[in-house]
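Inspection log for the structure reproduced underneath, given as structure tokens.
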Amino acid sequence: MKYKVKVNGDVAKWLRPGPAKPLFDGPNPSVASNKQKIAVIGMGYVGIPAAVLFAEAGYSVIGIQRRSKRSGWKIDWLNEGRCPIGGEEPELPGLLEKVVKKHKFQVTENISVVKDVDFILIDVQTPTNEKHIPRYESLKEVCHQIGKYLTPGKIVIIESTVAPGTTEHLVKPILEEESGLKARLPEGFGLCFSYERVMVGRLIHNIREYPKIVGGLDDESTSRAMELYRAIVKGGVHGTDPMTAEVSKTVENAYRDVQIAFANEVALLCEALGTDVYDVRKFVNGLPNDPSSPGANPIRNMHLPGAGVGGHCLPKDTWLLMYGYDKYASIKSRYPGSVLTNARNLNDWMPMHMIDLLESALKETKKEIKNSKICVLGYSFIENSDDARNTPAVPFLKELDKRGAKYKVHDSYIKNTEEGYRIQPDLDKALKGCDALVVMTKHDAYKAVTIEKLQNLLRTKIIIDGRNLFNPTEVIAAGFVFRGVGKGVNTYHD
Ligand code: SAJ
């Protein structure tokens, strides 16, 4: 498949899928004509920053959000210019307020507004179920709804992460059936997959600075969508086909997940061998770049082991990749195993390792998990955020329940949990009278927790460190029983 791409109006060249280079460098607001309108469906961690940046670039942007019990409140907040995303999100609250005041961005639950826009961005959740099968209810529902309003020339862009093959084999048929049009410009509508690369705590930064990959079903869809993103993306915009873009996204996260699993397995080995994974990591990552390519990526970049891997992305993107492979691959490899799914299973297991560390520490004080009172520091899946999607804290707490422990959970950013776990907002009250402190998330606020405070408040001096928050030598010298992911305790006992 080849792409014909216009550069400043002239037909420049034919492009083949594969390593494409940025056709345009740097955002170019001048392409944003005030006439063009954009609808962004799904006011979440992806949809809100994208909508705000396009509004700031001069587009008229309409956000669409279901008035659901869980998220309906965001509609009113956003229309008042208030940011519903908690935690530290540089720039976003200020930019949002500005574009709402300038009437460049508003939010509605009425999806029929898409009939008046040029681009429709789909940013709904695409989770997987307990059998790792994609749950595309929201995606399908939105496609059936917007399909009715599609007219020739409109472009639909899926930004939510989907299994390879989904754009062509699931979304396209629904939109064509509902609209009666073909997914092909100019006579029909355009359809692209262009994945998000956001990360909580740096939503605006990642959209602006990270290269944007656009996979269109036809060349005009690709080039018009690339032109759209040029208005807000500094990191370069690359054109390709939907399958390559879908595989790239899921592989990008599977790569990170495998790196983390590697670090977690090394951590388990270090514990068993009585050494410290962070010293090992320092030496391994300390390998200098090869003098012949000082600028190249570091030869080694061992990731951080920890209490588990959460979030909306890493816990499911490997399964989306494997689902696409199972469903749409025309050939299958004969190799029976999978590094990717083994890595996924190990990362999913780490909260159980935290349970094992807790059990062994309690045993050292002649206690057991049953009827012990545990203080859990951190509920969100990542530090300094209120995002608790697929947090490793949940399987950990479920196991504590199963084993008859009592617990108090503290988190600096979360007041209520969807899973019904109570958050004790007062750290001292959370610590008071507990038999062990378990660190699940490394919020900055916890760096100020002193040994003295723990000695005064904990009933039993036990620390289980899942995020390398404490210095084992110091806490053990202060009489604490200590266990940590990747910390071979033998090294700390004189
Ligand atoms: N984690 C570790 N060790 C590490 C890094 C992370 O245990 O070395 C854990 C974190 O504690 C967290 C989980 O993994 O529980 C995920 O952390 P993350 O830093 O990957 O955060 P996400 O999931 O919000 O962001 C990832 C990013 N993907 C990559 O870096 C390849 C981000 O760029 C993506 O945009 C995002 O997924 C997404 O939306 O797909």
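Chain identifiers are assigned as A, B, and so on, following the order in which chains appear in the structure tokens; residues are numbered from 1 within each chain, and ligands are numbered from 1 in order of appearance.
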
Compile the contact shell of A:Trp73 as number ranges by chain: residues with an atom at most 12 Å away, counting only C-alpha atoms, same-chain residues fewer than 4 positions apart removed. A: 43, 65-69, 77-80, 82-85, 107-109

9 Å from ligand 1 is the threshold here; counting only C-alpha atoms and all ligand atoms, which polymer residues fall inside it? Answer as a ChimeraX atom specification. /A:45-46,160-161,195-201,203,206,210,249-257,259-261,263-264,302-315,317,347,380-383,387,390-392,440-442,467

Would you mind telling me which residue in A:Ser194, A:Gly180, A:Asn471, A:Leu287 lies nearest to A:Ile451 when using only C-alpha atoms?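 Of A:Ser194, A:Gly180, A:Asn471, A:Leu287, the one nearest A:Ile451, counting only C-alpha atoms, is A:Asn471.
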
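Interatomic distance, atom CA of A:Leu454 against atom CA of A:Arg483: 15.4 Å.
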
Write down as a PyMOL selection string the residues belonging to stretch 110-265 of chain A that are assigned helix (DSSP H, G or I) by DSSP computed on the backbone. chain A and resi 111-116+137-147+166-179+203-209+219-230+242-265

Residue neighbourhood A:Lys115, 12 Å, only C-alpha atoms, exclusion window fewer than 6 positions, as a list of chain:residue names: A:Lys37, A:Ile38, A:Ala39, A:Ile62, A:Gln145, A:Ile146, A:Gly147, A:Lys148, A:Tyr149, A:Leu150, A:Thr151, A:Pro152, A:Gly153, A:Lys154, A:Ile155, A:Val156, A:Ser179

For A:Phe189, which residue among A:Ile133, A:Val237, A:Leu92, A:Ile120 is the nearest when counting only C-alpha atoms? A:Ile120

If you count only C-alpha atoms, which residues fall within 8 Å of A:Val233, apart from same-chain ones fewer than 3 positions away, as a PDB file with N, CA and C atoms, in the first residue's frame?
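Writing the result to part.pdb gives the following:
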ATOM      1  N   GLY A  26       7.534  20.029  14.035  1.00  0.00           N
ATOM      2  CA  GLY A  26       7.024  21.054  14.972  1.00  0.00           C
ATOM      3  C   GLY A  26       5.588  21.396  14.689  1.00  0.00           C
ATOM      4  N   PRO A  27       4.863  21.757  15.819  1.00  0.00           N
ATOM      5  CA  PRO A  27       3.451  22.109  15.665  1.00  0.00           C
ATOM      6  C   PRO A  27       3.335  23.343  14.772  1.00  0.00           C
ATOM      7  N   ILE A 207       1.642  14.494  24.829  1.00  0.00           N
ATOM      8  CA  ILE A 207       0.944  14.733  23.556  1.00  0.00           C
ATOM      9  C   ILE A 207       1.762  15.695  22.688  1.00  0.00           C
ATOM     10  N   ARG A 208       2.304  16.717  23.315  1.00  0.00           N
ATOM     11  CA  ARG A 208       3.050  17.742  22.555  1.00  0.00           C
ATOM     12  C   ARG A 208       4.409  17.216  22.078  1.00  0.00           C
ATOM     13  N   GLU A 209       5.138  16.552  22.961  1.00  0.00           N
ATOM     14  CA  GLU A 209       6.546  16.240  22.698  1.00  0.00           C
ATOM     15  C   GLU A 209       6.774  14.891  22.027  1.00  0.00           C
ATOM     16  N   TYR A 210       5.880  13.924  22.219  1.00  0.00           N
ATOM     17  CA  TYR A 210       6.127  12.575  21.678  1.00  0.00           C
ATOM     18  C   TYR A 210       5.717  12.489  20.211  1.00  0.00           C
ATOM     19  N   PRO A 211       6.491  11.796  19.375  1.00  0.00           N
ATOM     20  CA  PRO A 211       6.090  11.625  17.976  1.00  0.00           C
ATOM     21  C   PRO A 211       4.692  11.008  17.891  1.00  0.00           C
ATOM     22  N   LYS A 212       3.930  11.397  16.878  1.00  0.00           N
ATOM     23  CA  LYS A 212       2.563  10.919  16.701  1.00  0.00           C
ATOM     24  C   LYS A 212       2.519  10.002  15.481  1.00  0.00           C
ATOM     25  N   TYR A 229      -2.825  16.748  13.427  1.00  0.00           N
ATOM     26  CA  TYR A 229      -1.948  16.610  14.597  1.00  0.00           C
ATOM     27  C   TYR A 229      -0.772  17.568  14.538  1.00  0.00           C
ATOM     28  N   ARG A 230      -0.421  18.005  13.319  1.00  0.00           N
ATOM     29  CA  ARG A 230       0.698  18.948  13.225  1.00  0.00           C
ATOM     30  C   ARG A 230       0.390  20.218  14.000  1.00  0.00           C
ATOM     31  N   GLY A 236       6.967  15.481  15.855  1.00  0.00           N
ATOM     32  CA  GLY A 236       6.973  14.858  14.524  1.00  0.00           C
ATOM     33  C   GLY A 236       5.750  13.983  14.343  1.00  0.00           C
ATOM     34  N   VAL A 237       5.248  13.934  13.119  1.00  0.00           N
ATOM     35  CA  VAL A 237       4.052  13.148  12.803  1.00  0.00           C
ATOM     36  C   VAL A 237       4.424  12.155  11.707  1.00  0.00           C
TER      37      VAL A 237
END

Gap from atom CA of A:Cys375 to atom CA of A:Thr450 - Å, one decimal: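 Separating atom CA of A:Cys375 from atom CA of A:Thr450 is a distance of 15.1 Å.
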